Number of protein chains: 2
Amino acid sequence: MKRPTMKDVARVAGVSPMTVSRVVSGGAGVSPGTAARVGQAVRELGYQRNDNARHLRQKNPGTSTIGLVVDDLANPFYALMARSVEDEAHRRGYVVLVGSTNDEPRREREVIAAFTARRVDGLIIVPTIGGHGFLKRPMAAGTPVVCVDRPAEGLAVDTVTVDNRAAAERGVGHLLGHGHTRIGYLGDRFGIWTQQERYRGYLDALAAHGIAEDPDLVRHELRSHHEARAALAGLRALPEPPTALFSSNDLITMGVLDALDHPAPVAIVGFDDLPLADRLDPPLTVVSQDPVALGSAAADLLFARIGGDRSAPRSVILLTRFVVRGSGGFRTR
Amino acid sequence: MKRPTMKDVARVAGVSPMTVSRVVSGGAGVSPGTAARVGQAVRELGYQRNDNARHLRQKNPGTSTIGLVVDDLANPFYALMARSVEDEAHRRGYVVLVGSTNDEPRREREVIAAFTARRVDGLIIVPTIGGHGFLKRPMAAGTPVVCVDRPAEGLAVDTVTVDNRAAAERGVGHLLGHGHTRIGYLGDRFGIWTQQERYRGYLDALAAHGIAEDPDLVRHELRSHHEARAALAGLRALPEPPTALFSSNDLITMGVLDALDHPAPVAIVGFDDLPLADRLDPPLTVVSQDPVALGSAAADLLFARIGGDRSAPRSVILLTRFVVRGSGGFRTR
DNA sequence: GTGAAAGCGCTAACAT
DNA sequence: ATGTTAGCGCTTTCAC
């Protein structure tokens with residue numbers, strides 16, 4: 001049982017395909033009588049217009065589809081962001097193609113190529129570490145791009161980020177204010193922009209308190225829960241172990257918590273909030289981002305571009321919240 | 001700067017559009033020389049084939065796009081599922097349109113209509129409470145549908161669920177085994193199939209231990225963290241309050257935990273695992289589902305259908321894991 | 001108010 | 001190995 005086309009509807013209703021087209025598109029300039037007959041035929045056949053064919057011919061360009069490309073859709077942070085983008089799209093009658101990159105430039109290219117081949121009207125991306133020259137073509141052809149969470153190096157597009165550096169400085173400053181002087185830093189891949197920024201914030205805070213950086217206390221490139229645990233073990237085995245830790249994302253924080261006794265024998269401040277963070281012992285002090293705000297800001301920028309905005313690229317920096325719950329204090333080991 | 005078409009590439013390469021088509025589609029039956037010239041022109045113009053036009057004409061049907069419709073993409077459970085579906089799709093060269101329903105039948109219809117208008121090759125849906133007769137048409141037209149997490153009433157399609165009822169019975173049985181006889185039940189909207197099943201499991205367990213249901217201990221329709229807290233307050237204000245609680249999903253569990261002292265003065269078993277559940281005091285005992293397995297099972301079924309499988313609809317029931325961590329024991333209040 | 005013709009960008013089915 | 005013709009399902013344009 002093949003799908004009916006306008007021709008089929010036209011035959012049943014006894015009109016021309018053009019009249020069906022008019023009715024299906026709102027019915028302007030069609031007499032109520034024929035409109036009713038066409039509507040009847042549509043219902044009878046279960047006709048639904050093929051939007052791909054429609055968008056192909058329609059002079060008013062656009063597929064009412066946007067693409068969202070994140071690092072990992074399973075990460076609650078990006079999931080919240082995705083939902084927020086989807087809501088904004090739905091409100092405007094758009095649908096969203098979604099893809100994860102795993103932070104692999106190759107998969108990012110594949111996903112974006114698949115999206116632009118389907119002629120999405122715009123892209124919201126969390127760029128990977130790799131270069132993004134391949135975006136120049138679709139952008140020149142009129143597909144706007146917005147970066148969110150981190151900028152794409154060398155790509156002049158609207159970008160929505162948070163104040164990573166200042167927020168990290170604030171968090172580490174909190175630890176310093178509690179008297180900690182040996183503060184461990186646990187970070188994800190250093191190639192990721194947010195991680196560089198947060199590390200800079202860590203250094204800023206140390207410098208502001210006149211404390212020299214101790215490279216022994218710094219671990220980058222922690223890609224998993226497991227690697228975070230291992231790194232922590234290394235820090236605690238030091239002759240002079242840290243009395244406090246700054247954890248640079250939620251995955252690392254979870255790894256750290258899992259490796260520690262209960263109650264945690266080290267002060268901790270984490271970047272990114274966790275669901276039950278306030279029920280831990282002690283309750284976890286964190287830098288909290290708002291992924292919903294990130295997503296809706298990115299969507300607003302994108303739809304403005306789709307709407308014809310040709311102004312210079314904007315950079316939106318959203319503020320984090322510093323949530324003090326107790327885990328930043330001093331404790332004995 | 002408009003997008004180049006095959007015609008443009010053909011002109012630059014000095015060949016016919018058909019030759020360009022052949023090259024772009026793999027280059028079978030084209031001499032290496034012309035293929036090179038065409039490739040050169042493609043690069044020069046930044047040409048990318050329009051897949052919408054391609055799929056329109058191509059006799060081999062299909063848009064290499066599937067639709068995924070979940071309750072709420074921001075819910076970590078569905079986010080994990082979505083990522084799993086996306087991975088399966090990506091592996092097969094498909095992209096995925098994603099939408100949230102918020103459990104509103106109207107939004108579900110809108111989203112699915114938008115997807116079928118774009119001629120997705122298949123749909124994976126977490127059906128809302130409403131009827132699903134509107135799916136009959138696209139199904140008859142050849143768009144396969146797979147339900148996941150819960151079945152769609154009256155719709156004979158492949159369905160992937162977990163053993164909700166038995167798992168809930170197991171969880172409540174665990175509480176009974178610890179000597180609890182007054183066990184509170186906290187559930188989400190009773191119209192949702194999983195909630196009915198879990199409640200039945202609760203009753204099964206009580207019956208197996210010869211305990212009569214006490215309606216005072218049962219609260220359904222808890223739609224939020226806040227409502228869960230309020231319901232719990234009601235239970236604890238009872239003349240004979242429950243000594244144990246069975247919480248029917250993660251949102252409710254979080255509400256309950258937030259409302260309780262620390263350490264929790266009531267035994268708790270929750271349906272769905274939570275990230276830091278093992279770091280709570282006491283560590284939370286839960287029924288744990290595997291959203292990744294749900295997603296990949298659904299995707300496998302869908303792609304089998306897309307591949308031409310016309311066999312009778314299958315029902316796949318995945319098993320949950322019961323994770324005993326300690327919160328199910330007896331304690332004083 | 002309605003329809004006929006043309007064409008969006010591409011490929012199937014024939015040519016040559 | 002390459003080109004021509006026709007047409008996917010729809011809308012634009014221009015007739016009536």
# chains A, B, ... in the order shown; residues from 1 in each chain; ligands from 1
$ closest_atom_pairs --of "chain D" --to "chain B" --cutoff "9 Å" --atoms "only C-alpha atoms (C1' of nucleotides)" --output "CSV"
residue,atom,partner,partner_atom,distance
D:DA1,C1',B:Val30,CA,5.9
D:DT2,C1',B:Thr19,CA,7.0
D:DG3,C1',B:Ser16,CA,6.7
D:DG7,C1',B:Arg57,CA,8.1
D:DC8,C1',B:Arg57,CA,4.3
D:DG9,C1',B:Leu56,CA,7.7
$ select_by_dssp --residues "range 234-276 of chain B" --states "strand (DSSP E or B)" --output "PDB file with N, CA, C and O atoms, in the first residue's frame"
ATOM      1  N   ALA B 244       8.699   1.783  55.771  1.00  0.00           N
ATOM      2  CA  ALA B 244       9.473   1.585  54.544  1.00  0.00           C
ATOM      3  C   ALA B 244       8.719   2.195  53.371  1.00  0.00           C
ATOM      4  O   ALA B 244       7.501   2.377  53.428  1.00  0.00           O
ATOM      5  N   LEU B 245       9.478   2.532  52.327  1.00  0.00           N
ATOM      6  CA  LEU B 245       8.878   3.160  51.147  1.00  0.00           C
ATOM      7  C   LEU B 245       9.348   2.471  49.881  1.00  0.00           C
ATOM      8  O   LEU B 245      10.526   2.109  49.754  1.00  0.00           O
ATOM      9  N   PHE B 246       8.414   2.307  48.944  1.00  0.00           N
ATOM     10  CA  PHE B 246       8.806   1.903  47.605  1.00  0.00           C
ATOM     11  C   PHE B 246       8.508   3.082  46.693  1.00  0.00           C
ATOM     12  O   PHE B 246       7.368   3.524  46.575  1.00  0.00           O
ATOM     13  N   SER B 247       9.566   3.570  46.056  1.00  0.00           N
ATOM     14  CA  SER B 247       9.443   4.749  45.205  1.00  0.00           C
ATOM     15  C   SER B 247       9.525   4.313  43.747  1.00  0.00           C
ATOM     16  O   SER B 247      10.458   3.622  43.347  1.00  0.00           O
ATOM     17  N   ALA B 267      13.145   2.965  55.683  1.00  0.00           N
ATOM     18  CA  ALA B 267      13.756   2.117  54.668  1.00  0.00           C
ATOM     19  C   ALA B 267      13.239   2.541  53.296  1.00  0.00           C
ATOM     20  O   ALA B 267      12.101   2.970  53.146  1.00  0.00           O
ATOM     21  N   ILE B 268      14.083   2.443  52.282  1.00  0.00           N
ATOM     22  CA  ILE B 268      13.687   2.860  50.937  1.00  0.00           C
ATOM     23  C   ILE B 268      14.206   1.874  49.902  1.00  0.00           C
ATOM     24  O   ILE B 268      15.359   1.431  49.977  1.00  0.00           O
ATOM     25  N   VAL B 269      13.344   1.551  48.965  1.00  0.00           N
ATOM     26  CA  VAL B 269      13.794   0.894  47.742  1.00  0.00           C
ATOM     27  C   VAL B 269      13.250   1.711  46.585  1.00  0.00           C
ATOM     28  O   VAL B 269      12.067   2.074  46.578  1.00  0.00           O
ATOM     29  N   GLY B 270      14.089   2.023  45.630  1.00  0.00           N
ATOM     30  CA  GLY B 270      13.662   2.856  44.505  1.00  0.00           C
ATOM     31  C   GLY B 270      13.712   2.105  43.186  1.00  0.00           C
ATOM     32  O   GLY B 270      14.531   1.204  43.008  1.00  0.00           O
ATOM     33  N   PHE B 271      12.821   2.486  42.288  1.00  0.00           N
ATOM     34  CA  PHE B 271      12.902   1.966  40.927  1.00  0.00           C
ATOM     35  C   PHE B 271      13.730   2.958  40.126  1.00  0.00           C
ATOM     36  O   PHE B 271      13.410   4.154  40.097  1.00  0.00           O
TER      37      PHE B 271
END
$ closest_residue --among "B:Gln196, B:Asp71, B:Thr5, B:Ser21" --to "DC8 in chain C" --atoms "only C-alpha atoms (C1' of nucleotides)"
B:Thr5
$ interface_residues --of "chain A" --to "chain B" --cutoff "7 Å" --atoms "only C-alpha atoms" --output "VMD selection string"
chain A and resid 1 to 3 46 48 to 53 56 73 to 74 76 79 to 80 83 86 96 to 99 117 to 118 137 140 to 141 276 279 to 280
$ residues_around --residues "Val38 in chain A" --least-positions-apart "3" --cutoff "7 Å" --atoms "only C-alpha atoms (C1' of nucleotides)" --output "list in words"
Ala13, Val20, Thr34, Ala35, Ala41 and Val42 of chain A
$ atom_distance --atom1 "CA of Asp149 in chain B" --atom2 "CA of Thr161 in chain B"
4.7 Å
$ select_by_dssp --residues "range 246-286 of chain A" --states "alpha helix (DSSP H)" --output "PyMOL selection string"
chain A and resi 250-259
$ closest_atom_pairs --of "chain C" --to "chain B" --cutoff "6 Å" --atoms "only C-alpha atoms (C1' of nucleotides)" --output "Markdown table"
| residue | atom | partner | partner_atom | distance |
| --- | --- | --- | --- | --- |
| C:DG9 | C1' | B:Ala53 | CA | 5.3 |
| C:DC10 | C1' | B:Arg54 | CA | 4.9 |
| C:DT11 | C1' | B:Gln58 | CA | 5.9 |
$ write_last_selection --atoms "N, CA and C atoms (P, O5', C5', C4', C3', O3' and C1' of nucleotides)" --output "mmCIF file, in the first residue's frame"
data_model
loop_
_atom_site.group_PDB
_atom_site.id
_atom_site.type_symbol
_atom_site.label_atom_id
_atom_site.label_comp_id
_atom_site.auth_asym_id
_atom_site.auth_seq_id
_atom_site.Cartn_x
_atom_site.Cartn_y
_atom_site.Cartn_z
ATOM 1 P P DG C 9 17.984 23.840 -7.655
ATOM 2 O "O5'" DG C 9 18.419 22.317 -7.436
ATOM 3 C "C5'" DG C 9 18.383 21.764 -6.126
ATOM 4 C "C4'" DG C 9 18.517 20.272 -6.253
ATOM 5 C "C3'" DG C 9 19.766 19.818 -7.021
ATOM 6 O "O3'" DG C 9 20.512 18.946 -6.190
ATOM 7 C "C1'" DG C 9 17.835 18.706 -7.812
ATOM 8 P P DC C 10 21.773 18.136 -6.718
ATOM 9 O "O5'" DC C 10 21.192 16.745 -7.204
ATOM 10 C "C5'" DC C 10 20.769 15.826 -6.226
ATOM 11 C "C4'" DC C 10 19.807 14.823 -6.815
ATOM 12 C "C3'" DC C 10 20.457 13.726 -7.660
ATOM 13 O "O3'" DC C 10 20.783 12.641 -6.813
ATOM 14 C "C1'" DC C 10 18.345 14.493 -8.543
ATOM 15 P P DT C 11 21.696 11.480 -7.417
ATOM 16 O "O5'" DT C 11 20.638 10.559 -8.174
ATOM 17 C "C5'" DT C 11 19.676 9.867 -7.412
ATOM 18 C "C4'" DT C 11 18.743 9.128 -8.352
ATOM 19 C "C3'" DT C 11 19.380 7.972 -9.131
ATOM 20 O "O3'" DT C 11 18.386 6.964 -9.238
ATOM 21 C "C1'" DT C 11 18.440 9.465 -10.635
#
$ atom_distance --atom1 "CA of Gly154 in chain B" --atom2 "CA of Leu301 in chain B"
19.0 Å
$ atom_distance --atom1 "CA of Ile125 in chain B" --atom2 "CA of Val146 in chain B"
6.3 Å
$ residues_around --residues "DC16 in chain D" --least-positions-apart "5" --cutoff "12 Å" --atoms "only C-alpha atoms (C1' of nucleotides)" --output "PDB file with N, CA, C and O atoms (P, O5', C5', C4', C3', O3' and C1' of nucleotides), in the first residue's frame"
ATOM      1  P    DG C   1     -12.170  33.449  -5.105  1.00  0.00           P
ATOM      2  O5'  DG C   1     -12.309  31.895  -5.344  1.00  0.00           O
ATOM      3  C5'  DG C   1     -13.518  31.235  -5.471  1.00  0.00           C
ATOM      4  C4'  DG C   1     -13.369  30.251  -6.605  1.00  0.00           C
ATOM      5  C3'  DG C   1     -12.502  29.041  -6.252  1.00  0.00           C
ATOM      6  O3'  DG C   1     -13.086  27.905  -6.865  1.00  0.00           O
ATOM      7  C1'  DG C   1     -11.571  30.169  -8.125  1.00  0.00           C
ATOM      8  P    DT C   2     -12.590  26.485  -6.675  1.00  0.00           P
ATOM      9  O5'  DT C   2     -11.611  26.266  -7.891  1.00  0.00           O
ATOM     10  C5'  DT C   2     -12.180  25.919  -9.161  1.00  0.00           C
ATOM     11  C4'  DT C   2     -11.109  25.892 -10.204  1.00  0.00           C
ATOM     12  C3'  DT C   2     -10.062  24.782 -10.047  1.00  0.00           C
ATOM     13  O3'  DT C   2     -10.440  23.710 -10.905  1.00  0.00           O
ATOM     14  C1'  DT C   2      -9.162  26.840 -10.896  1.00  0.00           C
ATOM     15  P    DG C   3      -9.523  22.415 -11.024  1.00  0.00           P
ATOM     16  O5'  DG C   3      -8.515  22.839 -12.193  1.00  0.00           O
ATOM     17  C5'  DG C   3      -9.062  23.160 -13.468  1.00  0.00           C
ATOM     18  C4'  DG C   3      -7.929  23.515 -14.406  1.00  0.00           C
ATOM     19  C3'  DG C   3      -6.823  22.452 -14.495  1.00  0.00           C
ATOM     20  O3'  DG C   3      -6.490  22.288 -15.855  1.00  0.00           O
ATOM     21  C1'  DG C   3      -5.872  24.552 -13.975  1.00  0.00           C
ATOM     22  P    DA C   4      -5.767  20.994 -16.375  1.00  0.00           P
ATOM     23  O5'  DA C   4      -4.748  21.586 -17.449  1.00  0.00           O
ATOM     24  C5'  DA C   4      -4.978  22.861 -18.033  1.00  0.00           C
ATOM     25  C4'  DA C   4      -3.681  23.370 -18.655  1.00  0.00           C
ATOM     26  C3'  DA C   4      -2.642  22.284 -18.947  1.00  0.00           C
ATOM     27  O3'  DA C   4      -1.902  22.687 -20.088  1.00  0.00           O
ATOM     28  C1'  DA C   4      -1.801  23.773 -17.285  1.00  0.00           C
TER      29       DA C   4
END
$ residues_around --residues "Ala166 in chain A" --least-positions-apart "3" --cutoff "12 Å" --atoms "only C-alpha atoms (C1' of nucleotides)" --output "MDAnalysis selection string"
chainID A and resid 162:163 169:173 194 197:205 271 287 317:322
